[in-house]
$ cat target_11.pdb   # PDB, C-alpha atoms, pLDDT in the B column
MODEL        1
ATOM      1  CA  MET A  16     -23.326  21.986   3.008  1.00 47.00           C
ATOM      2  CA  PRO A  17     -22.727  19.307   0.336  1.00 49.00           C
ATOM      3  CA  ASP A  18     -21.418  17.044   3.121  1.00 52.00           C
ATOM      4  CA  PHE A  19     -24.819  17.277   4.795  1.00 51.00           C
ATOM      5  CA  PHE A  20     -26.541  15.784   1.756  1.00 49.00           C
ATOM      6  CA  LEU A  21     -23.848  13.088   1.607  1.00 48.00           C
ATOM      7  CA  PHE A  22     -24.649  12.309   5.251  1.00 47.00           C
ATOM      8  CA  LEU A  23     -28.345  11.966   4.405  1.00 47.00           C
ATOM      9  CA  LEU A  24     -27.556   9.635   1.509  1.00 45.00           C
ATOM     10  CA  ILE A  25     -25.512   7.397   3.810  1.00 48.00           C
ATOM     11  CA  VAL A  26     -28.123   7.330   6.567  1.00 45.00           C
ATOM     12  CA  PHE A  27     -31.134   7.130   4.240  1.00 43.00           C
ATOM     13  CA  PRO A  28     -29.760   5.508   1.079  1.00 45.00           C
ATOM     14  CA  VAL A  29     -31.743   5.749  -2.129  1.00 41.00           C
ATOM     15  CA  ARG A  30     -31.821   2.448  -3.965  1.00 39.00           C
ATOM     16  CA  TRP A  31     -31.983   2.203  -7.732  1.00 37.00           C
ATOM     17  CA  VAL A  32     -33.100  -1.026  -9.361  1.00 39.00           C
ATOM     18  CA  GLN A  33     -30.287  -2.219 -11.568  1.00 45.00           C
ATOM     19  CA  ASN A  34     -29.990  -5.266 -13.767  1.00 50.00           C
ATOM     20  CA  ASN A  35     -26.359  -5.928 -12.943  1.00 58.00           C
ATOM     21  CA  THR A  36     -24.955  -9.447 -13.183  1.00 79.00           C
ATOM     22  CA  MET A  37     -21.344 -10.413 -12.671  1.00 85.00           C
ATOM     23  CA  LYS A  38     -19.186 -13.403 -13.507  1.00 91.00           C
ATOM     24  CA  SER A  39     -16.361 -14.159 -11.080  1.00 93.00           C
ATOM     25  CA  ILE A  40     -13.209 -16.018 -12.103  1.00 96.00           C
ATOM     26  CA  LEU A  41     -11.172 -17.357  -9.195  1.00 96.00           C
ATOM     27  CA  VAL A  42      -7.395 -17.479  -9.678  1.00 97.00           C
ATOM     28  CA  ASN A  43      -6.527 -19.224  -6.422  1.00 96.00           C
ATOM     29  CA  LYS A  44      -3.722 -21.652  -7.283  1.00 95.00           C
ATOM     30  CA  ARG A  45      -0.206 -21.468  -8.624  1.00 96.00           C
ATOM     31  CA  ILE A  46       0.054 -20.231 -12.203  1.00 97.00           C
ATOM     32  CA  GLY A  47       0.547 -23.222 -14.500  1.00 95.00           C
ATOM     33  CA  ASP A  48       0.582 -26.949 -13.793  1.00 93.00           C
ATOM     34  CA  SER A  49       3.472 -28.604 -11.975  1.00 88.00           C
ATOM     35  CA  TRP A  50       4.623 -32.194 -11.472  1.00 87.00           C
ATOM     36  CA  TRP A  51       2.767 -32.421  -8.164  1.00 87.00           C
ATOM     37  CA  GLU A  52      -0.375 -30.303  -8.628  1.00 89.00           C
ATOM     38  CA  SER A  53      -2.646 -28.691 -11.170  1.00 93.00           C
ATOM     39  CA  GLY A  54      -2.727 -24.921 -11.359  1.00 96.00           C
ATOM     40  CA  ILE A  55      -4.378 -22.018 -13.151  1.00 97.00           C
ATOM     41  CA  THR A  56      -3.708 -22.440 -16.859  1.00 97.00           C
ATOM     42  CA  ALA A  57      -4.381 -20.544 -20.055  1.00 97.00           C
ATOM     43  CA  ASP A  58      -6.929 -23.220 -20.980  1.00 97.00           C
ATOM     44  CA  PHE A  59      -8.735 -22.614 -17.686  1.00 97.00           C
ATOM     45  CA  MET A  60      -8.938 -18.856 -18.277  1.00 97.00           C
ATOM     46  CA  ARG A  61     -10.027 -19.363 -21.883  1.00 96.00           C
ATOM     47  CA  ARG A  62     -12.843 -21.724 -20.806  1.00 95.00           C
ATOM     48  CA  GLU A  63     -13.994 -19.353 -18.076  1.00 95.00           C
ATOM     49  CA  LEU A  64     -14.173 -16.386 -20.433  1.00 94.00           C
ATOM     50  CA  ASP A  65     -15.745 -18.447 -23.228  1.00 91.00           C
ATOM     51  CA  ASP A  66     -18.435 -19.343 -20.698  1.00 88.00           C
ATOM     52  CA  TYR A  67     -19.232 -15.646 -20.317  1.00 83.00           C
ATOM     53  CA  ASP A  68     -22.987 -15.028 -20.427  1.00 77.00           C
ATOM     54  CA  LYS A  69     -24.084 -12.098 -22.582  1.00 75.00           C
ATOM     55  CA  GLU A  70     -26.393 -11.048 -19.741  1.00 75.00           C
ATOM     56  CA  ASP A  71     -23.321 -10.475 -17.573  1.00 76.00           C
ATOM     57  CA  ASN A  72     -22.172  -6.879 -17.789  1.00 83.00           C
ATOM     58  CA  LYS A  73     -19.221  -7.320 -15.463  1.00 91.00           C
ATOM     59  CA  VAL A  74     -16.392  -9.819 -15.035  1.00 95.00           C
ATOM     60  CA  GLN A  75     -14.402  -9.871 -11.818  1.00 96.00           C
ATOM     61  CA  ILE A  76     -11.041 -11.643 -11.739  1.00 97.00           C
ATOM     62  CA  VAL A  77     -10.391 -12.690  -8.136  1.00 97.00           C
ATOM     63  CA  ILE A  78      -6.709 -13.299  -7.398  1.00 98.00           C
ATOM     64  CA  ASP A  79      -5.160 -15.210  -4.506  1.00 97.00           C
ATOM     65  CA  SER A  80      -2.079 -16.851  -5.980  1.00 97.00           C
ATOM     66  CA  PRO A  81       1.634 -17.121  -5.144  1.00 97.00           C
ATOM     67  CA  GLY A  82       2.544 -17.007  -8.840  1.00 96.00           C
ATOM     68  CA  GLY A  83       4.229 -19.638 -10.976  1.00 96.00           C
ATOM     69  CA  SER A  84       5.087 -20.082 -14.648  1.00 96.00           C
ATOM     70  CA  VAL A  85       5.818 -16.856 -16.500  1.00 96.00           C
ATOM     71  CA  TRP A  86       4.954 -18.517 -19.822  1.00 96.00           C
ATOM     72  CA  GLU A  87       1.496 -19.470 -18.573  1.00 97.00           C
ATOM     73  CA  CYS A  88       1.189 -15.985 -17.089  1.00 97.00           C
ATOM     74  CA  ILE A  89       1.789 -14.340 -20.476  1.00 97.00           C
ATOM     75  CA  SER A  90      -0.858 -16.526 -22.120  1.00 98.00           C
ATOM     76  CA  ILE A  91      -3.428 -15.779 -19.397  1.00 98.00           C
ATOM     77  CA  PHE A  92      -2.546 -12.080 -19.532  1.00 98.00           C
ATOM     78  CA  ASN A  93      -3.194 -11.948 -23.275  1.00 98.00           C
ATOM     79  CA  ILE A  94      -6.387 -14.033 -23.085  1.00 98.00           C
ATOM     80  CA  ILE A  95      -7.841 -11.455 -20.674  1.00 98.00           C
ATOM     81  CA  ARG A  96      -6.780  -8.567 -22.914  1.00 97.00           C
ATOM     82  CA  ASN A  97      -8.184 -10.224 -26.021  1.00 97.00           C
ATOM     83  CA  PHE A  98     -11.500 -10.865 -24.273  1.00 96.00           C
ATOM     84  CA  MET A  99     -11.742  -7.171 -23.423  1.00 95.00           C
ATOM     85  CA  ARG A 100     -11.031  -6.163 -27.017  1.00 95.00           C
ATOM     86  CA  GLN A 101     -13.838  -8.408 -28.233  1.00 93.00           C
ATOM     87  CA  HIS A 102     -16.305  -7.400 -25.486  1.00 92.00           C
ATOM     88  CA  LYS A 103     -15.870  -3.688 -24.991  1.00 91.00           C
ATOM     89  CA  GLU A 104     -19.329  -3.481 -23.419  1.00 89.00           C
ATOM     90  CA  VAL A 105     -18.177  -5.598 -20.461  1.00 91.00           C
ATOM     91  CA  THR A 106     -16.494  -4.096 -17.403  1.00 93.00           C
ATOM     92  CA  VAL A 107     -13.559  -6.219 -16.225  1.00 95.00           C
ATOM     93  CA  GLU A 108     -12.479  -5.640 -12.630  1.00 96.00           C
ATOM     94  CA  THR A 109      -9.609  -7.217 -10.696  1.00 98.00           C
ATOM     95  CA  TYR A 110      -9.933  -8.056  -7.006  1.00 97.00           C
ATOM     96  CA  ILE A 111      -6.842  -9.086  -5.031  1.00 98.00           C
ATOM     97  CA  GLN A 112      -8.458 -11.146  -2.315  1.00 96.00           C
ATOM     98  CA  GLY A 113      -5.311 -12.534  -0.741  1.00 96.00           C
ATOM     99  CA  MET A 114      -1.954 -12.670  -2.489  1.00 98.00           C
ATOM    100  CA  ALA A 115      -0.869 -11.572  -5.951  1.00 98.00           C
ATOM    101  CA  ALA A 116       2.788 -12.518  -6.080  1.00 98.00           C
ATOM    102  CA  SER A 117       5.329 -13.065  -8.843  1.00 97.00           C
ATOM    103  CA  SER A 118       3.554 -13.900 -12.119  1.00 97.00           C
ATOM    104  CA  ALA A 119       0.144 -13.465 -10.431  1.00 98.00           C
ATOM    105  CA  SER A 120       1.059  -9.820  -9.852  1.00 98.00           C
ATOM    106  CA  ILE A 121       1.268  -9.408 -13.634  1.00 98.00           C
ATOM    107  CA  ILE A 122      -2.086 -11.121 -14.253  1.00 98.00           C
ATOM    108  CA  ALA A 123      -3.597  -8.646 -11.768  1.00 98.00           C
ATOM    109  CA  LEU A 124      -2.622  -5.814 -14.137  1.00 98.00           C
ATOM    110  CA  ALA A 125      -3.944  -7.326 -17.384  1.00 97.00           C
ATOM    111  CA  ALA A 126      -7.383  -5.677 -17.433  1.00 97.00           C
ATOM    112  CA  LYS A 127      -6.036  -2.244 -16.492  1.00 97.00           C
ATOM    113  CA  ILE A 128      -3.285  -2.477 -19.103  1.00 96.00           C
ATOM    114  CA  GLU A 129      -5.970  -3.005 -21.756  1.00 96.00           C
ATOM    115  CA  ASN A 130      -8.351  -0.389 -20.333  1.00 96.00           C
ATOM    116  CA  PRO A 131      -7.027   2.198 -17.838  1.00 95.00           C
ATOM    117  CA  GLU A 132     -10.598   2.692 -16.578  1.00 94.00           C
ATOM    118  CA  SER A 133     -10.631  -0.881 -15.254  1.00 96.00           C
ATOM    119  CA  LYS A 134     -10.350  -1.012 -11.460  1.00 96.00           C
ATOM    120  CA  ILE A 135      -7.960  -3.019  -9.286  1.00 98.00           C
ATOM    121  CA  LEU A 136      -9.358  -3.499  -5.782  1.00 97.00           C
ATOM    122  CA  VAL A 137      -7.472  -4.927  -2.800  1.00 97.00           C
ATOM    123  CA  GLU A 138      -8.310  -6.026   0.721  1.00 96.00           C
ATOM    124  CA  ASP A 139      -6.709  -4.071   3.552  1.00 95.00           C
ATOM    125  CA  ASN A 140      -4.543  -7.112   4.312  1.00 95.00           C
ATOM    126  CA  ALA A 141      -3.835  -8.219   0.732  1.00 97.00           C
ATOM    127  CA  VAL A 142      -0.240  -8.959  -0.355  1.00 98.00           C
ATOM    128  CA  TYR A 143       1.407  -7.897  -3.621  1.00 98.00           C
ATOM    129  CA  MET A 144       4.930  -9.029  -4.463  1.00 98.00           C
ATOM    130  CA  ILE A 145       7.200  -8.287  -7.420  1.00 98.00           C
ATOM    131  CA  HIS A 146      10.622  -9.779  -8.116  1.00 98.00           C
ATOM    132  CA  ASN A 147      12.985 -10.888 -10.847  1.00 98.00           C
ATOM    133  CA  ALA A 148      12.269 -14.067 -12.785  1.00 97.00           C
ATOM    134  CA  TRP A 149      14.218 -17.142 -11.765  1.00 94.00           C
ATOM    135  CA  SER A 150      14.762 -20.660 -13.053  1.00 93.00           C
ATOM    136  CA  THR A 151      16.743 -23.842 -12.562  1.00 91.00           C
ATOM    137  CA  VAL A 152      19.269 -24.758 -15.223  1.00 91.00           C
ATOM    138  CA  MET A 153      22.109 -27.237 -15.727  1.00 93.00           C
ATOM    139  CA  GLY A 154      24.837 -27.143 -18.314  1.00 94.00           C
ATOM    140  CA  ASN A 155      28.069 -25.495 -19.345  1.00 96.00           C
ATOM    141  CA  HIS A 156      28.874 -21.775 -19.201  1.00 95.00           C
ATOM    142  CA  LEU A 157      27.267 -21.111 -22.593  1.00 96.00           C
ATOM    143  CA  GLU A 158      23.960 -22.583 -21.504  1.00 95.00           C
ATOM    144  CA  LEU A 159      24.063 -20.671 -18.212  1.00 95.00           C
ATOM    145  CA  GLU A 160      24.814 -17.388 -20.009  1.00 96.00           C
ATOM    146  CA  LYS A 161      21.963 -18.034 -22.425  1.00 96.00           C
ATOM    147  CA  GLU A 162      19.563 -18.659 -19.533  1.00 96.00           C
ATOM    148  CA  ALA A 163      20.742 -15.498 -17.755  1.00 96.00           C
ATOM    149  CA  GLY A 164      20.051 -13.460 -20.890  1.00 97.00           C
ATOM    150  CA  LEU A 165      16.578 -14.984 -21.145  1.00 97.00           C
ATOM    151  CA  LEU A 166      15.802 -14.061 -17.529  1.00 97.00           C
ATOM    152  CA  VAL A 167      16.921 -10.469 -18.114  1.00 97.00           C
ATOM    153  CA  SER A 168      14.585 -10.236 -21.117  1.00 97.00           C
ATOM    154  CA  ILE A 169      11.676 -11.565 -19.027  1.00 97.00           C
ATOM    155  CA  ASP A 170      12.430  -9.052 -16.253  1.00 98.00           C
ATOM    156  CA  ASN A 171      12.414  -6.182 -18.756  1.00 98.00           C
ATOM    157  CA  LEU A 172       9.108  -7.383 -20.189  1.00 97.00           C
ATOM    158  CA  MET A 173       7.424  -7.593 -16.774  1.00 97.00           C
ATOM    159  CA  ALA A 174       8.928  -4.288 -15.636  1.00 98.00           C
ATOM    160  CA  LYS A 175       7.275  -2.541 -18.569  1.00 97.00           C
ATOM    161  CA  TYR A 176       3.811  -3.389 -17.216  1.00 98.00           C
ATOM    162  CA  TYR A 177       4.714  -2.425 -13.645  1.00 98.00           C
ATOM    163  CA  GLU A 178       5.943   0.936 -14.964  1.00 98.00           C
ATOM    164  CA  GLN A 179       2.825   1.524 -17.047  1.00 97.00           C
ATOM    165  CA  ILE A 180       0.420   0.921 -14.170  1.00 97.00           C
ATOM    166  CA  SER A 181       2.351   2.505 -11.294  1.00 97.00           C
ATOM    167  CA  GLY A 182       3.831   5.487 -13.137  1.00 97.00           C
ATOM    168  CA  LYS A 183       7.248   4.709 -11.678  1.00 97.00           C
ATOM    169  CA  ASP A 184      10.347   4.884 -13.862  1.00 97.00           C
ATOM    170  CA  ALA A 185      12.289   1.834 -15.041  1.00 96.00           C
ATOM    171  CA  LYS A 186      15.139   2.347 -12.574  1.00 97.00           C
ATOM    172  CA  GLU A 187      12.823   2.352  -9.552  1.00 98.00           C
ATOM    173  CA  ILE A 188      10.831  -0.652 -10.770  1.00 98.00           C
ATOM    174  CA  HIS A 189      13.972  -2.712 -11.403  1.00 98.00           C
ATOM    175  CA  SER A 190      15.258  -1.763  -7.968  1.00 98.00           C
ATOM    176  CA  LEU A 191      12.016  -3.009  -6.388  1.00 98.00           C
ATOM    177  CA  MET A 192      12.231  -6.224  -8.405  1.00 98.00           C
ATOM    178  CA  ASP A 193      15.880  -6.741  -7.420  1.00 97.00           C
ATOM    179  CA  GLU A 194      14.898  -6.475  -3.745  1.00 97.00           C
ATOM    180  CA  GLU A 195      11.872  -8.827  -4.131  1.00 98.00           C
ATOM    181  CA  THR A 196       9.520  -6.237  -2.681  1.00 98.00           C
ATOM    182  CA  PHE A 197       6.290  -6.962  -0.790  1.00 98.00           C
ATOM    183  CA  PHE A 198       3.428  -4.465  -0.487  1.00 98.00           C
ATOM    184  CA  PHE A 199       0.592  -4.859   2.018  1.00 98.00           C
ATOM    185  CA  GLY A 200      -2.948  -3.464   1.916  1.00 96.00           C
ATOM    186  CA  SER A 201      -2.941   0.282   1.343  1.00 96.00           C
ATOM    187  CA  GLU A 202       0.753   0.143   0.384  1.00 97.00           C
ATOM    188  CA  ILE A 203      -0.322  -1.532  -2.863  1.00 98.00           C
ATOM    189  CA  VAL A 204      -2.492   1.481  -3.684  1.00 97.00           C
ATOM    190  CA  ASP A 205       0.143   3.974  -2.534  1.00 97.00           C
ATOM    191  CA  ALA A 206       2.710   2.288  -4.800  1.00 98.00           C
ATOM    192  CA  GLY A 207       0.340   2.649  -7.762  1.00 97.00           C
ATOM    193  CA  PHE A 208      -0.395  -1.034  -8.352  1.00 98.00           C
ATOM    194  CA  ALA A 209      -4.073  -0.826  -7.355  1.00 97.00           C
ATOM    195  CA  ASP A 210      -6.860   1.757  -7.293  1.00 97.00           C
ATOM    196  CA  GLU A 211      -8.469   1.342  -3.909  1.00 96.00           C
ATOM    197  CA  VAL A 212      -8.679  -0.628  -0.699  1.00 96.00           C
ATOM    198  CA  ILE A 213     -12.060  -2.195  -0.027  1.00 92.00           C
ATOM    199  CA  ALA A 214     -13.471  -0.420   3.007  1.00 77.00           C
ATOM    200  CA  SER A 215     -14.459  -2.629   5.944  1.00 61.00           C
ATOM    201  CA  VAL A 216     -17.660  -2.123   7.949  1.00 48.00           C
ATOM    202  CA  ILE A 217     -15.588  -0.676  10.803  1.00 47.00           C
ATOM    203  CA  THR A 218     -13.940   1.821   8.438  1.00 52.00           C
ATOM    204  CA  LEU A 219     -17.320   2.908   7.100  1.00 49.00           C
ATOM    205  CA  ARG A 220     -18.680   3.348  10.624  1.00 54.00           C
ATOM    206  CA  CYS A 221     -15.682   5.499  11.582  1.00 56.00           C
ATOM    207  CA  ALA A 222     -16.165   7.620   8.457  1.00 52.00           C
ATOM    208  CA  LEU A 223     -19.849   7.994   9.271  1.00 52.00           C
ATOM    209  CA  ARG A 224     -19.122   9.057  12.834  1.00 62.00           C
ATOM    210  CA  LYS A 225     -16.604  11.661  11.632  1.00 64.00           C
ATOM    211  CA  LEU A 226     -19.100  12.945   9.083  1.00 58.00           C
ATOM    212  CA  ALA A 227     -21.860  13.150  11.699  1.00 57.00           C
ATOM    213  CA  LYS A 228     -19.495  15.052  14.024  1.00 65.00           C
ATOM    214  CA  ARG A 229     -18.691  17.537  11.243  1.00 67.00           C
ATOM    215  CA  GLN A 230     -22.378  18.038  10.531  1.00 67.00           C
ATOM    216  CA  ARG A 231     -23.198  18.681  14.211  1.00 65.00           C
ATOM    217  CA  LEU A 232     -20.448  21.316  14.299  1.00 61.00           C
ATOM    218  CA  TRP A 233     -21.752  22.857  11.046  1.00 60.00           C
ATOM    219  CA  MET A 234     -25.293  23.007  12.473  1.00 67.00           C
ATOM    220  CA  ARG A 235     -24.119  24.684  15.704  1.00 65.00           C
ATOM    221  CA  LEU A 236     -22.129  27.284  13.765  1.00 60.00           C
ATOM    222  CA  THR A 237     -25.072  27.944  11.450  1.00 62.00           C
ATOM    223  CA  ILE A 238     -27.435  28.426  14.393  1.00 61.00           C
ATOM    224  CA  LYS A 239     -24.999  30.830  16.051  1.00 64.00           C
ATOM    225  CA  ARG A 240     -24.697  32.844  12.831  1.00 65.00           C
ATOM    226  CA  LEU A 241     -28.476  33.057  12.528  1.00 57.00           C
ATOM    227  CA  GLN A 242     -28.803  34.131  16.174  1.00 59.00           C
ATOM    228  CA  LEU A 243     -26.161  36.818  15.660  1.00 60.00           C
ATOM    229  CA  ARG A 244     -27.922  38.138  12.543  1.00 59.00           C
ATOM    230  CA  TRP A 245     -31.238  38.192  14.404  1.00 52.00           C
ATOM    231  CA  LYS A 246     -29.700  40.249  17.210  1.00 57.00           C
ATOM    232  CA  VAL A 247     -28.236  42.692  14.665  1.00 49.00           C
ATOM    233  CA  LEU A 248     -31.632  43.082  12.968  1.00 52.00           C
ATOM    234  CA  ARG A 249     -33.361  43.748  16.283  1.00 54.00           C
ATOM    235  CA  THR A 250     -31.059  46.677  16.993  1.00 55.00           C
ATOM    236  CA  PHE A 251     -32.432  48.591  13.955  1.00 52.00           C
TER     237      PHE A 251
ENDMDL
END
$ encode --input "target_11.pdb" --output "structure tokens"
Amino acid sequence: MPDFFLFLLIVFPVRWVQNNTMKSILVNKRIGDSWWESGITADFMRRELDDYDKEDNKVQIVIDSPGGSVWECISIFNIIRNFMRQHKEVTVETYIQGMAASSASIIALAAKIENPESKILVEDNAVYMIHNAWSTVMGNHLELEKEAGLLVSIDNLMAKYYEQISGKDAKEIHSLMDEETFFFGSEIVDAGFADEVIASVITLRCALRKLAKRQRLWMRLTIKRLQLRWKVLRTF
């Protein structure tokens, strides 16, 4: 029976007037500047969040980035968290529109790390990739060993956030990072790195058709039960 009322709400939706405004921040380049192109920097994120209008009650961070500098990533990550601490009345949502790979996959978790109620939404064809940090270095064996130790420390730091969001243990996360693992669409949700896949119009139509089919069956069964009861009453 409750499904029947849900069906009515879908077919005849009730609209409430809401004063909802949202600021979108597009993270659609590599993380950090490079020699050949500008990217998404900590200064960019700071300016975007400083430009937040008090009338906005929601901030959506839209991510479509292949990743980049881990140092810039950490700064951006903490700028988002600090904004949320200072504006607890604002809902911060993350939307993976295309790709969230490497350091961008960490930025995608920032809001949810600060507030577990924050949502991470993905498209059904979005891409999420995690791997170990890497760098280019020249020098003698001491310098190479020092760089290797630094990379291990970065991996452990990033793994901590993957563990916290996904609920997976450290061993599994490090194994996924070692393999440079890609997740696609619903796999991102199944792996625990996002909350839900944005439903397409086709998906909603299929759900509606299934619901309507269930309701027709429920109505037929109800009518049969009523007819049977009526026959029983007539025998007395």
$ resolve_selection --input "target_11.pdb" --expression "the PyMOL selection byres ((chain A and resi 212) around 6)" --output "PyMOL selection string"
chain A and resi 136-139+211+213
$ residues_around --input "target_11.pdb" --residues "Arg45 of chain A" --least-positions-apart "3" --cutoff "10 Å" --atoms "only C-alpha atoms" --output "ChimeraX atom specification"
/A:42,48-49,52-56,79-84,116,118-119
$ residues_around --input "target_11.pdb" --residues "segment 67-73 of chain A" --least-positions-apart "4" --cutoff "9 Å" --atoms "only C-alpha atoms" --output "PyMOL selection string"
chain A and resi 34-39+62-63+104-108
$ atom_distance --input "target_11.pdb" --atom1 "atom CA of Ala214 of chain A" --atom2 "atom CA of Pro131 of chain A"
22.0 Å
$ residues_around --input "target_11.pdb" --residues "Ile76 of chain A" --least-positions-apart "6" --cutoff "10 Å" --atoms "all atoms listed in the file" --output "VMD selection string"
chain A and resid 38 to 42 60 95 107 to 112 122 to 123 126 135
$ atom_distance --input "target_11.pdb" --atom1 "atom CA of Glu162 of chain A" --atom2 "atom CA of Ile94 of chain A"
26.6 Å
$ atom_distance --input "target_11.pdb" --atom1 "atom CA of His102 of chain A" --atom2 "atom CA of Ile89 of chain A"
20.0 Å
$ resolve_selection --input "target_11.pdb" --expression "the PyMOL selection byres ((chain A and resi 127-130) around 8)" --output "list in words"
Arg96, Met99, Arg100, Leu124, Ala125, Ala126, Pro131, Glu132, Ser133, Lys134, Ile135, Tyr176, Gln179 and Ile180 of chain A
$ residues_around --input "target_11.pdb" --residues "Asn171 of chain A" --least-positions-apart "5" --cutoff "9 Å" --atoms "all atoms listed in the file" --output "ChimeraX atom specification"
/A:166,185,189
$ resolve_selection --input "target_11.pdb" --expression "the PyMOL selection byres ((chain A and resi 146) around 6)" --output "VMD selection string"
chain A and resid 145 147 192 195
$ write_last_selection --input "target_11.pdb" --atoms "C-alpha atoms" --output "JSON list (two decimals), in the coordinates of the input"
[["chain", "number", "residue", "atom", "x", "y", "z"],
["A", 145, "ILE", "CA", 7.20, -8.29, -7.42],
["A", 147, "ASN", "CA", 12.98, -10.89, -10.85],
["A", 192, "MET", "CA", 12.23, -6.22, -8.40],
["A", 195, "GLU", "CA", 11.87, -8.83, -4.13]]
$ axis_aligned_box --input "target_11.pdb" --around "segment 146-155 of chain A" --padding-each-side "3 Å" --output "AutoDock Vina command-line options"
--center_x 19.3 --center_y -18.5 --center_z -13.7 --size_x 23.4 --size_y 23.5 --size_z 17.2
$ decode --input "target_11.pdb" --residues "segment 123-129 of chain A" --atoms "all heavy atoms" --output "PDB file, in the first residue's frame"
ATOM      1  N   ALA A 123      37.768  14.833  -3.962  1.00  0.00           N
ATOM      2  CA  ALA A 123      36.362  14.414  -3.991  1.00  0.00           C
ATOM      3  C   ALA A 123      35.863  13.951  -2.628  1.00  0.00           C
ATOM      4  O   ALA A 123      34.663  13.943  -2.368  1.00  0.00           O
ATOM      5  CB  ALA A 123      36.181  13.296  -5.020  1.00  0.00           C
ATOM      6  N   LEU A 124      36.773  13.586  -1.738  1.00  0.00           N
ATOM      7  CA  LEU A 124      36.394  13.067  -0.418  1.00  0.00           C
ATOM      8  C   LEU A 124      36.405  14.133   0.672  1.00  0.00           C
ATOM      9  O   LEU A 124      35.938  13.876   1.784  1.00  0.00           O
ATOM     10  CB  LEU A 124      37.346  11.932  -0.006  1.00  0.00           C
ATOM     11  CG  LEU A 124      37.553  10.784  -0.998  1.00  0.00           C
ATOM     12  CD1 LEU A 124      38.512   9.755  -0.396  1.00  0.00           C
ATOM     13  CD2 LEU A 124      36.235  10.139  -1.381  1.00  0.00           C
ATOM     14  N   ALA A 125      36.937  15.313   0.369  1.00  0.00           N
ATOM     15  CA  ALA A 125      37.175  16.332   1.400  1.00  0.00           C
ATOM     16  C   ALA A 125      35.931  16.664   2.212  1.00  0.00           C
ATOM     17  O   ALA A 125      35.960  16.669   3.446  1.00  0.00           O
ATOM     18  CB  ALA A 125      37.744  17.600   0.759  1.00  0.00           C
ATOM     19  N   ALA A 126      34.828  16.974   1.528  1.00  0.00           N
ATOM     20  CA  ALA A 126      33.610  17.397   2.235  1.00  0.00           C
ATOM     21  C   ALA A 126      33.074  16.282   3.126  1.00  0.00           C
ATOM     22  O   ALA A 126      32.646  16.524   4.258  1.00  0.00           O
ATOM     23  CB  ALA A 126      32.549  17.839   1.232  1.00  0.00           C
ATOM     24  N   LYS A 127      33.110  15.056   2.625  1.00  0.00           N
ATOM     25  CA  LYS A 127      32.570  13.927   3.401  1.00  0.00           C
ATOM     26  C   LYS A 127      33.476  13.557   4.565  1.00  0.00           C
ATOM     27  O   LYS A 127      32.999  13.048   5.587  1.00  0.00           O
ATOM     28  CB  LYS A 127      32.338  12.722   2.490  1.00  0.00           C
ATOM     29  CG  LYS A 127      31.410  11.674   3.089  1.00  0.00           C
ATOM     30  CD  LYS A 127      31.030  10.628   2.071  1.00  0.00           C
ATOM     31  CE  LYS A 127      30.009   9.651   2.650  1.00  0.00           C
ATOM     32  NZ  LYS A 127      28.723  10.303   2.919  1.00  0.00           N
ATOM     33  N   ILE A 128      34.779  13.803   4.424  1.00  0.00           N
ATOM     34  CA  ILE A 128      35.691  13.580   5.539  1.00  0.00           C
ATOM     35  C   ILE A 128      35.337  14.527   6.685  1.00  0.00           C
ATOM     36  O   ILE A 128      35.328  14.137   7.865  1.00  0.00           O
ATOM     37  CB  ILE A 128      37.158  13.800   5.109  1.00  0.00           C
ATOM     38  CG1 ILE A 128      37.625  12.665   4.191  1.00  0.00           C
ATOM     39  CG2 ILE A 128      38.079  13.935   6.311  1.00  0.00           C
ATOM     40  CD1 ILE A 128      37.803  11.326   4.873  1.00  0.00           C
ATOM     41  N   GLU A 129      35.029  15.782   6.344  1.00  0.00           N
ATOM     42  CA  GLU A 129      34.691  16.774   7.360  1.00  0.00           C
ATOM     43  C   GLU A 129      33.309  16.529   7.951  1.00  0.00           C
ATOM     44  O   GLU A 129      33.101  16.684   9.151  1.00  0.00           O
ATOM     45  CB  GLU A 129      34.762  18.185   6.764  1.00  0.00           C
ATOM     46  CG  GLU A 129      34.495  19.300   7.755  1.00  0.00           C
ATOM     47  CD  GLU A 129      35.496  19.310   8.912  1.00  0.00           C
ATOM     48  OE1 GLU A 129      36.661  18.901   8.726  1.00  0.00           O
ATOM     49  OE2 GLU A 129      35.094  19.713  10.020  1.00  0.00           O
TER      50      GLU A 129
END
